[in-house]
Every structure is written in C-alpha cells, then in structure tokens.
>>> print(open('upload-v7.csv').read())   # CSV, C-alpha atoms
chain,number,residue,atom,x,y,z
A,1,MET,CA,-155.6,-76.5,-76.4
A,2,ALA,CA,-153.7,-79.7,-75.5
A,3,ALA,CA,-153.9,-80.8,-71.9
A,4,GLN,CA,-150.2,-80.8,-71.5
A,5,GLN,CA,-150.0,-77.1,-72.5
A,6,LYS,CA,-152.3,-75.8,-69.8
A,7,LYS,CA,-150.6,-73.1,-67.6
A,8,ILE,CA,-151.1,-72.5,-63.9
A,9,LEU,CA,-149.9,-69.2,-62.4
A,10,ILE,CA,-148.7,-69.7,-58.8
A,11,THR,CA,-148.3,-66.6,-56.7
A,12,GLY,CA,-146.0,-66.6,-53.7
A,13,ALA,CA,-144.1,-69.3,-55.6
A,14,THR,CA,-141.0,-69.1,-53.4
A,15,GLY,CA,-143.0,-69.1,-50.1
A,16,LYS,CA,-144.2,-72.1,-48.1
A,17,GLN,CA,-147.6,-72.5,-49.7
A,18,GLY,CA,-146.6,-71.7,-53.3
A,19,ARG,CA,-143.7,-74.2,-53.2
A,20,ALA,CA,-146.1,-76.8,-51.7
A,21,VAL,CA,-148.5,-76.4,-54.6
A,22,ILE,CA,-145.7,-76.6,-57.2
A,23,GLU,CA,-144.3,-79.8,-55.5
A,24,ALA,CA,-147.8,-81.4,-55.4
A,25,LEU,CA,-148.5,-80.6,-59.1
A,26,GLU,CA,-145.1,-82.1,-60.0
A,27,SER,CA,-145.9,-85.2,-57.9
A,28,ALA,CA,-149.3,-85.8,-59.6
A,29,ASN,CA,-149.0,-88.6,-62.1
A,30,GLY,CA,-149.0,-87.3,-65.7
A,31,THR,CA,-149.7,-83.7,-64.6
A,32,PRO,CA,-150.8,-81.8,-67.7
A,33,PHE,CA,-149.7,-78.3,-66.5
A,34,GLN,CA,-146.9,-75.9,-67.2
A,35,ILE,CA,-146.3,-74.0,-64.0
A,36,LEU,CA,-145.7,-70.2,-64.0
A,37,ALA,CA,-144.0,-69.4,-60.7
A,38,MET,CA,-144.5,-65.7,-59.9
A,39,THR,CA,-141.9,-64.0,-57.8
A,40,ARG,CA,-140.7,-60.4,-57.3
A,41,ASN,CA,-137.1,-61.5,-57.4
A,42,ALA,CA,-136.1,-64.1,-60.0
A,43,ASN,CA,-132.5,-64.0,-58.8
A,44,SER,CA,-133.2,-65.2,-55.3
A,45,ALA,CA,-131.9,-68.6,-54.3
A,46,ASN,CA,-135.4,-70.1,-54.1
A,47,ALA,CA,-136.4,-68.8,-57.5
A,48,LYS,CA,-133.3,-70.3,-59.1
A,49,VAL,CA,-134.2,-73.7,-57.6
A,50,LEU,CA,-137.6,-73.4,-59.2
A,51,ALA,CA,-136.2,-72.3,-62.5
A,52,ALA,CA,-134.1,-75.5,-62.7
A,53,LYS,CA,-137.3,-77.6,-62.6
A,54,PRO,CA,-138.3,-78.9,-66.1
A,55,ASN,CA,-142.0,-78.0,-65.9
A,56,VAL,CA,-141.6,-74.6,-64.2
A,57,THR,CA,-141.1,-71.1,-65.7
A,58,VAL,CA,-140.2,-68.4,-63.3
A,59,VAL,CA,-142.0,-65.1,-64.1
A,60,THR,CA,-141.1,-61.8,-62.4
A,61,GLY,CA,-144.1,-59.9,-61.2
A,62,ASP,CA,-146.4,-58.8,-58.5
A,63,SER,CA,-150.1,-59.8,-57.9
A,64,THR,CA,-151.0,-56.2,-57.4
A,65,THR,CA,-150.1,-55.5,-61.1
A,66,PRO,CA,-150.5,-58.8,-62.9
A,67,ILE,CA,-151.8,-57.7,-66.3
A,68,ALA,CA,-148.4,-57.9,-68.0
A,69,ILE,CA,-148.0,-61.6,-67.0
A,70,PHE,CA,-151.5,-62.5,-68.3
A,71,LYS,CA,-150.7,-60.8,-71.6
A,72,GLU,CA,-147.3,-62.4,-72.0
A,73,HIS,CA,-148.4,-65.9,-71.0
A,74,LYS,CA,-152.0,-66.0,-72.2
A,75,PRO,CA,-153.9,-68.3,-72.1
A,76,ILE,CA,-153.6,-69.2,-68.4
A,77,TYR,CA,-155.8,-72.0,-67.3
A,78,GLY,CA,-155.5,-71.7,-63.5
A,79,VAL,CA,-154.4,-69.4,-60.8
A,80,PHE,CA,-153.3,-70.2,-57.2
A,81,SER,CA,-153.5,-67.1,-55.0
A,82,VAL,CA,-151.9,-66.6,-51.6
A,83,THR,CA,-151.8,-63.3,-49.7
A,84,VAL,CA,-149.4,-62.5,-46.9
A,85,LEU,CA,-149.1,-59.9,-44.2
A,86,SER,CA,-146.9,-57.1,-45.6
A,87,LYS,CA,-146.9,-53.4,-46.2
A,88,VAL,CA,-149.4,-54.0,-49.0
A,89,PRO,CA,-152.9,-54.9,-47.6
A,90,GLU,CA,-153.9,-58.4,-48.4
A,91,ASP,CA,-157.0,-57.4,-50.3
A,92,GLU,CA,-154.9,-55.2,-52.6
A,93,GLN,CA,-152.7,-58.3,-53.3
A,94,ALA,CA,-155.7,-60.4,-54.3
A,95,LYS,CA,-158.3,-58.2,-56.0
A,96,PRO,CA,-156.2,-57.1,-59.0
A,97,LEU,CA,-155.3,-60.8,-59.6
A,98,ILE,CA,-159.0,-61.9,-59.4
A,99,ASP,CA,-160.0,-59.1,-61.8
A,100,ALA,CA,-157.2,-60.0,-64.3
A,101,ALA,CA,-158.1,-63.7,-64.1
A,102,ILE,CA,-161.7,-63.0,-64.9
A,103,GLU,CA,-160.8,-60.6,-67.7
A,104,ASN,CA,-158.3,-63.0,-69.3
A,105,GLY,CA,-160.5,-66.1,-69.2
A,106,VAL,CA,-158.9,-68.1,-66.4
A,107,GLU,CA,-160.9,-71.3,-65.9
A,108,HIS,CA,-160.1,-72.1,-62.3
A,109,PHE,CA,-159.0,-69.9,-59.4
A,110,VAL,CA,-157.8,-71.3,-56.1
A,111,PHE,CA,-157.5,-69.0,-53.2
A,112,THR,CA,-155.9,-70.0,-49.9
A,113,SER,CA,-157.6,-68.3,-47.1
A,114,VAL,CA,-157.9,-69.2,-43.4
A,115,GLU,CA,-160.2,-71.4,-41.2
A,116,ARG,CA,-162.7,-69.6,-39.0
A,117,GLY,CA,-164.7,-72.2,-37.2
A,118,GLY,CA,-165.7,-75.0,-39.6
A,119,ASP,CA,-166.8,-75.2,-43.3
A,120,VAL,CA,-170.2,-73.6,-42.7
A,121,LYS,CA,-169.3,-71.1,-40.0
A,122,SER,CA,-166.3,-69.8,-41.9
A,123,ASP,CA,-168.6,-68.5,-44.6
A,124,SER,CA,-170.2,-65.9,-42.4
A,125,ASN,CA,-167.6,-65.5,-39.5
A,126,PRO,CA,-164.8,-63.0,-40.4
A,127,THR,CA,-163.8,-62.9,-36.7
A,128,GLU,CA,-162.1,-59.9,-35.2
A,129,ILE,CA,-158.6,-60.9,-36.2
A,130,PRO,CA,-157.5,-58.4,-38.9
A,131,HIS,CA,-155.8,-60.8,-41.3
A,132,PHE,CA,-158.7,-63.3,-40.9
A,133,LYS,CA,-161.2,-60.6,-41.7
A,134,VAL,CA,-159.4,-59.4,-44.8
A,135,LYS,CA,-159.3,-63.0,-46.2
A,136,HIS,CA,-163.0,-63.2,-45.7
A,137,VAL,CA,-163.4,-60.0,-47.7
A,138,ILE,CA,-161.3,-61.6,-50.5
A,139,GLU,CA,-163.4,-64.7,-50.5
A,140,GLU,CA,-166.6,-62.6,-50.9
A,141,TYR,CA,-165.0,-60.5,-53.6
A,142,LEU,CA,-164.0,-63.5,-55.6
A,143,LYS,CA,-167.5,-64.9,-55.6
A,144,LYS,CA,-169.2,-61.6,-56.2
A,145,GLN,CA,-166.9,-60.6,-59.1
A,146,ILE,CA,-167.5,-63.9,-60.9
A,147,ALA,CA,-171.2,-63.3,-60.6
A,148,ALA,CA,-171.1,-59.6,-61.5
A,149,LYS,CA,-169.0,-60.2,-64.6
A,150,ASN,CA,-171.1,-63.2,-65.6
A,151,SER,CA,-167.8,-65.2,-65.7
A,152,ASN,CA,-167.5,-69.0,-66.1
A,153,MET,CA,-164.4,-69.1,-63.9
A,154,LYS,CA,-164.6,-71.8,-61.3
A,155,TRP,CA,-163.3,-71.2,-57.8
A,156,THR,CA,-162.0,-73.2,-54.9
A,157,ILE,CA,-161.3,-71.7,-51.5
A,158,LEU,CA,-158.9,-73.6,-49.1
A,159,ARG,CA,-159.0,-72.7,-45.4
A,160,PRO,CA,-156.0,-74.0,-43.5
A,161,VAL,CA,-155.5,-73.8,-39.8
A,162,ALA,CA,-152.2,-73.2,-38.0
A,163,PHE,CA,-149.1,-74.5,-39.8
A,164,MET,CA,-147.1,-77.4,-38.3
A,165,ASP,CA,-144.2,-75.8,-40.2
A,166,ASN,CA,-144.2,-72.9,-37.7
A,167,LEU,CA,-142.5,-75.4,-35.3
A,168,THR,CA,-138.9,-75.0,-36.5
A,169,PRO,CA,-135.7,-76.0,-34.7
A,170,ASP,CA,-134.7,-72.4,-34.0
A,171,PHE,CA,-135.7,-69.5,-31.8
A,172,MET,CA,-138.8,-68.8,-33.9
A,173,GLY,CA,-140.0,-72.4,-33.4
A,174,LYS,CA,-139.5,-72.1,-29.7
A,175,GLY,CA,-141.5,-68.9,-29.7
A,176,PHE,CA,-144.3,-70.7,-31.5
A,177,ALA,CA,-144.3,-73.4,-28.9
A,178,SER,CA,-144.4,-70.8,-26.2
A,179,MET,CA,-147.5,-69.2,-27.7
A,180,TRP,CA,-149.0,-72.6,-28.2
A,181,ALA,CA,-148.6,-73.2,-24.5
A,182,GLY,CA,-150.5,-70.1,-23.8
A,183,ILE,CA,-153.7,-71.6,-25.2
A,184,GLY,CA,-153.7,-74.0,-22.2
A,185,GLN,CA,-155.6,-77.3,-22.4
A,186,LYS,CA,-157.6,-76.4,-25.5
A,187,PRO,CA,-156.3,-78.2,-28.5
A,188,LEU,CA,-154.9,-76.3,-31.5
A,189,GLN,CA,-155.6,-77.7,-34.9
A,190,LEU,CA,-152.6,-78.0,-37.2
A,191,ILE,CA,-151.9,-78.6,-40.9
A,192,ALA,CA,-148.7,-79.3,-42.9
A,193,THR,CA,-148.3,-76.8,-45.6
A,194,SER,CA,-147.5,-79.7,-48.0
A,195,ASP,CA,-151.1,-80.8,-47.5
A,196,ILE,CA,-152.4,-77.4,-48.5
A,197,GLY,CA,-150.4,-77.9,-51.7
A,198,LEU,CA,-151.9,-81.4,-52.1
A,199,PHE,CA,-155.5,-80.0,-52.0
A,200,ALA,CA,-154.7,-77.2,-54.4
A,201,ALA,CA,-153.2,-79.6,-56.9
A,202,ARG,CA,-156.3,-81.8,-56.5
A,203,ALA,CA,-158.5,-78.8,-57.3
A,204,PHE,CA,-156.7,-78.1,-60.5
A,205,ASN,CA,-156.5,-81.8,-61.5
A,206,ASP,CA,-160.2,-82.5,-60.7
A,207,PRO,CA,-162.1,-79.3,-61.1
A,208,ALA,CA,-165.5,-81.0,-61.3
A,209,LYS,CA,-165.0,-82.3,-57.8
A,210,TYR,CA,-163.6,-79.1,-56.2
A,211,GLN,CA,-165.3,-76.3,-58.0
A,212,GLY,CA,-167.5,-74.1,-55.8
A,213,ARG,CA,-166.1,-75.6,-52.6
A,214,SER,CA,-164.7,-73.9,-49.5
A,215,ILE,CA,-162.6,-76.6,-47.7
A,216,SER,CA,-161.3,-76.3,-44.1
A,217,LEU,CA,-157.9,-78.0,-43.8
A,218,ALA,CA,-156.4,-79.6,-40.6
A,219,GLY,CA,-154.5,-82.8,-40.1
A,220,ASP,CA,-154.2,-83.0,-36.3
A,221,GLU,CA,-155.5,-81.4,-33.1
A,222,LEU,CA,-153.3,-81.2,-30.0
A,223,ASN,CA,-152.7,-79.1,-27.0
A,224,LEU,CA,-149.0,-78.4,-26.2
A,225,LYS,CA,-148.9,-81.2,-23.6
A,226,ASP,CA,-150.1,-83.8,-26.1
A,227,GLY,CA,-147.8,-82.2,-28.8
A,228,LYS,CA,-144.8,-82.6,-26.6
A,229,LYS,CA,-145.7,-86.2,-25.9
A,230,VAL,CA,-146.0,-87.0,-29.7
A,231,PHE,CA,-142.8,-85.1,-30.3
A,232,LYS,CA,-140.8,-87.2,-27.8
A,233,GLU,CA,-142.4,-90.5,-29.0
A,234,THR,CA,-141.6,-89.6,-32.6
A,235,MET,CA,-138.1,-87.9,-32.3
A,236,GLY,CA,-136.8,-89.6,-29.2
A,237,TYR,CA,-136.1,-86.4,-27.2
A,238,ASP,CA,-138.0,-83.5,-25.7
A,239,MET,CA,-139.4,-80.7,-27.8
A,240,PRO,CA,-137.2,-77.7,-27.6
A,241,GLU,CA,-138.7,-75.0,-25.5
A,242,THR,CA,-138.1,-71.5,-24.2
A,243,PHE,CA,-139.5,-69.4,-21.4
A,244,GLY,CA,-143.2,-68.7,-21.3
A,245,PHE,CA,-142.6,-64.9,-21.3
A,246,VAL,CA,-141.2,-65.2,-24.8
A,247,GLY,CA,-144.6,-66.1,-26.3
A,248,SER,CA,-146.3,-63.5,-24.1
A,249,GLY,CA,-143.8,-60.9,-25.4
A,250,ILE,CA,-144.4,-61.8,-29.0
A,251,LYS,CA,-148.2,-61.5,-28.5
A,252,LEU,CA,-147.7,-58.1,-26.7
A,253,ALA,CA,-145.4,-56.8,-29.5
A,254,SER,CA,-147.8,-57.9,-32.2
A,255,LYS,CA,-151.5,-57.0,-31.7
A,256,GLU,CA,-152.3,-59.2,-34.6
A,257,MET,CA,-150.6,-62.2,-33.1
A,258,GLY,CA,-152.1,-61.5,-29.7
A,259,SER,CA,-155.7,-61.4,-31.0
A,260,MET,CA,-155.1,-64.5,-33.0
A,261,PHE,CA,-153.9,-66.6,-30.1
A,262,SER,CA,-156.6,-65.2,-27.9
A,263,TRP,CA,-159.2,-66.4,-30.5
A,264,PHE,CA,-157.5,-69.9,-30.6
A,265,LYS,CA,-158.2,-70.1,-26.8
A,266,SER,CA,-161.7,-68.7,-26.8
A,267,ASP,CA,-163.1,-70.0,-30.1
A,268,GLY,CA,-160.7,-71.9,-32.2
A,269,PHE,CA,-160.7,-73.7,-35.5
A,270,GLY,CA,-163.5,-76.2,-36.3
A,271,VAL,CA,-162.3,-78.6,-38.9
A,272,ASP,CA,-163.9,-82.1,-39.0
A,273,ILE,CA,-160.5,-83.9,-39.3
A,274,GLN,CA,-161.9,-87.4,-39.5
A,275,LYS,CA,-164.2,-86.4,-42.4
A,276,LEU,CA,-161.4,-84.7,-44.2
A,277,LYS,CA,-159.2,-87.8,-43.8
A,278,GLN,CA,-161.9,-89.9,-45.5
A,279,GLU,CA,-161.5,-87.6,-48.5
A,280,GLU,CA,-157.7,-87.6,-48.3
A,281,PRO,CA,-156.1,-90.5,-46.4
A,282,LYS,CA,-152.6,-89.0,-47.1
A,283,LEU,CA,-153.3,-86.1,-44.8
A,284,GLN,CA,-150.5,-85.9,-42.3
A,285,ASN,CA,-150.8,-85.9,-38.5
A,286,PHE,CA,-148.2,-84.2,-36.3
A,287,SER,CA,-146.1,-87.3,-35.9
A,288,THR,CA,-146.0,-88.0,-39.7
A,289,TRP,CA,-145.0,-84.4,-40.4
A,290,LEU,CA,-142.2,-84.5,-37.8
A,291,LYS,CA,-140.8,-87.7,-39.4
A,292,ASN,CA,-141.3,-86.7,-43.0
A,293,GLU,CA,-140.9,-83.0,-43.3
A,294,SER,CA,-139.8,-81.1,-40.2
A,295,GLY,CA,-136.3,-79.7,-39.7
A,296,PHE,CA,-135.9,-81.9,-36.6
A,297,LYS,CA,-133.6,-84.9,-36.7
A,298,PRO,CA,-134.7,-88.1,-34.9
A,299,GLN,CA,-132.4,-89.5,-32.2
>>> encode(input="upload-v7.csv", output="structure tokens")
Amino acid sequence: MAAQQKKILITGATGKQGRAVIEALESANGTPFQILAMTRNANSANAKVLAAKPNVTVVTGDSTTPIAIFKEHKPIYGVFSVTVLSKVPEDEQAKPLIDAAIENGVEHFVFTSVERGGDVKSDSNPTEIPHFKVKHVIEEYLKKQIAAKNSNMKWTILRPVAFMDNLTPDFMGKGFASMWAGIGQKPLQLIATSDIGLFAARAFNDPAKYQGRSISLAGDELNLKDGKKVFKETMGYDMPETFGFVGSGIKLASKEMGSMFSWFKSDGFGVDIQKLKQEEPKLQNFSTWLKNESGFKPQ
C-alpha cells in the first residue's frame, strides 16, 4: 500500500484533542495519511469545517460500535482514541474500538489517557479519581488484548496533564482559575492541547520511536500566583477572575471535579518537563500558549 494512501481514524474529531491531532498531521511536511474524522453528527459546524479540508474524510459513527467504519474504510493504518466523560462509561467507549482495531489489522493505536504522577508511577497508580482510574483500566486493556490476541499492533499512550485551554475568556475560564487558586502554593502542571496533537502525529509519523511508550505530557508548571504574573506580563492586563466560592461550588457540585482538584493539591502530576522539552523543543509554556492560541487578546 502506498504511503500516501494510509488511513488514520481519529475519534473525537470535532473535540479539542481530535482537532489538535488532525491539525498536527496536516502540518507535518509530506504527511502520507488520509484522515478519517469520526463524529456522531456530520452536519455540525465543526464537522463541516473538517469536511472542507483536502485530506480529511468525515465519517459518521461511534467508538462503541465501530465495526461498520472499519469494514467500509479498510484497511486503516492507525487509530487515535480519546474518551470523554459522558453517559457512556469511558471504558465502553474505548474497548470496542481496541477490539475492532486488533481484529482489522490496525498497525498503530494511540490512546490519550491522563497523567498520574510521572511516567513510571502512572503505570501502576490509577488514583482514586474515577475518570483517572478508568483510563488506567483502558491502558491495561489495550496492552493485554494485544498480547492475548497475539497481535502485531503497536501502541502509544499519551498522558496529558491539565489543559491550558480550560482557561477561556468566559465564565467557565474564570471558574477554572478559581479552582486553580484552591490548590494554593503547589504548582499545577499544564499542557496545550495542540501539543497533545503534536505528539500523536509524531507517533504516527515515527512509529519506531514511539511504539510501546507511555509519555507524560506537560509544558509548564505554575501556581495561580505565578500564572497571573505570566498572564499580565504576556497580555498586558490582569487575568480575569471570579469569586473563590465559584470554584468551591463547582467542586461541591461535581464529586469528580472535587476529587481531582484535591489530588492536584495532595499529590499532583509528575512530568519531567525539562526532559520532555529536550525531546520536543516546540512544547509550549503558558506564555507561548497565551500569545499563540488562547482566546485572550493582548493589550
């Protein structure tokens, strides 16, 4: 099969991480892939934007029942899998996709998980946070199924930390800042979702380097006080804020969110950012992301 005909199936194609992977694959010089962008609603505005791209085919489907897509578009070289909090448990989003990928001869499977205390610790540390625990379950299922089925499918697991993209110029962004403040002086590690896409694209373009690797991803490490300083130095005005009780209220309303931010304060992420930047110098810090990609406008 000619290199330029290889297909990569991207789940969550209209979401932050899926779009980031597509953009990174498009930006790679001479990318040999045809991108299959999976979405449940091909008529959405974001899906129509993807459909207009020359190297993208929008496919309607769901990762819980992916067989039809594999049959229609076979052979598929690679799969990018992202799971999200929804009515459908995350393991039920991922397991059928893993099984279908193995059954249909996919060569490289990239799963985006979550960081749980460093490259080594994350392997055996599911934590008590429900959506962290289920991503650990998916990681183990991926590796065990490949071994059990005697499959040659390569795998790469990406483990991002908190998203810089959660800091938006609206009420939700202020709520994120309020929860960030609740961590106190302990720094919070952050990653731009575009950099998750960058590493996913690298995995597909250079499988020999990335196969069998679980990679923790972070581009910066700041407490809110330092984050506010960087924000003002970069944008020329103060970071928008709201009352502290807003963040507390969000954490009380969502047990999941509360347990996650409590873990940020007690344990926290463990990415070796300097080591990662040696591997990928383009990794963005908070200031770079604010200038290049955030929704905030400099003064």
>>> atom_distance(input="upload-v7.csv", atom1="atom CA of His136 of chain A", atom2="atom CA of Thr64 of chain A")
18.2 Å
>>> closest_residue(input="upload-v7.csv", among="A:Val161, A:Val271, A:Leu276, A:Met235", to="Lys121 of chain A", atoms="only C-alpha atoms")
A:Val271
>>> residues_around(input="upload-v7.csv", residues="segment 75-77 of chain A", least_positions_apart="3", cutoff="7 Å", atoms="only C-alpha atoms", output="PDB file with C-alpha atoms, in the coordinates of the input")
ATOM      1  CA  LYS A   6    -152.300 -75.800 -69.800  1.00  0.00           C
ATOM      2  CA  LYS A   7    -150.600 -73.100 -67.600  1.00  0.00           C
ATOM      3  CA  ILE A   8    -151.100 -72.500 -63.900  1.00  0.00           C
ATOM      4  CA  VAL A 106    -158.900 -68.100 -66.400  1.00  0.00           C
ATOM      5  CA  GLU A 107    -160.900 -71.300 -65.900  1.00  0.00           C
ATOM      6  CA  HIS A 108    -160.100 -72.100 -62.300  1.00  0.00           C
TER       7      HIS A 108
END
>>> atom_distance(input="upload-v7.csv", atom1="atom CA of Arg19 of chain A", atom2="atom CA of Leu142 of chain A")
23.1 Å
>>> residues_near_point(input="upload-v7.csv", point="(-147.3, -76.8, -64.0)", cutoff="6 Å", atoms="all atoms listed in the file", output="JSON, numbers by chain")
{"A": [8, 33, 34, 35, 55]}
>>> write_last_selection(input="upload-v7.csv", atoms="C-alpha atoms", output="PDB file, in the frame of the given file")
ATOM      1  CA  ILE A   8    -151.100 -72.500 -63.900  1.00  0.00           C
ATOM      2  CA  PHE A  33    -149.700 -78.300 -66.500  1.00  0.00           C
ATOM      3  CA  GLN A  34    -146.900 -75.900 -67.200  1.00  0.00           C
ATOM      4  CA  ILE A  35    -146.300 -74.000 -64.000  1.00  0.00           C
ATOM      5  CA  ASN A  55    -142.000 -78.000 -65.900  1.00  0.00           C
TER       6      ASN A  55
END
>>> residues_around(input="upload-v7.csv", residues="Asn43 of chain A", least_positions_apart="3", cutoff="12 Å", atoms="only C-alpha atoms", output="list in words")
Thr14, Thr39, Arg40, Asn46, Ala47, Lys48, Val49, Leu50, Ala51, Val58, Val59 and Thr60 of chain A
>>> closest_residue(input="upload-v7.csv", among="A:Thr234, A:Asn41, A:Ser194, A:Ser178", to="Lys291 of chain A", atoms="only C-alpha atoms")
A:Thr234
>>> closest_residue(input="upload-v7.csv", among="A:Lys95, A:Lys265, A:Lys144, A:Arg159", to="Gly184 of chain A", atoms="all atoms listed in the file")
A:Lys265
>>> atom_distance(input="upload-v7.csv", atom1="atom CA of Ala100 of chain A", atom2="atom CA of Phe70 of chain A")
7.4 Å
>>> closest_residue(input="upload-v7.csv", among="A:Phe171, A:Phe111, A:Trp155, A:Phe286", to="Gln211 of chain A", atoms="all atoms listed in the file")
A:Trp155
>>> closest_residue(input="upload-v7.csv", among="A:Ser113, A:Asn125, A:Thr65, A:Ser266", to="Glu92 of chain A", atoms="all atoms listed in the file")
A:Thr65
>>> residues_around(input="upload-v7.csv", residues="Ala208 of chain A", least_positions_apart="2", cutoff="12 Å", atoms="all atoms listed in the file", output="list in words")
Glu107, His108, Lys154, Trp155, Thr156, Arg202, Ala203, Phe204, Asn205, Asp206, Tyr210, Gln211, Gly212 and Arg213 of chain A
>>> closest_residue(input="upload-v7.csv", among="A:Pro66, A:Gly105, A:Pro130, A:Gly295", to="Ile146 of chain A", atoms="all atoms listed in the file")
A:Gly105
>>> residues_around(input="upload-v7.csv", residues="Lys16 of chain A", least_positions_apart="5", cutoff="9 Å", atoms="only C-alpha atoms", output="PyMOL selection string")
chain A and resi 21+165+193-194
>>> residues_around(input="upload-v7.csv", residues="Asp195 of chain A", least_positions_apart="4", cutoff="10 Å", atoms="all atoms listed in the file", output="MDAnalysis selection string")
chainID A and resid 17 20:21 24 160 191 199:201 217:219 280 282:284
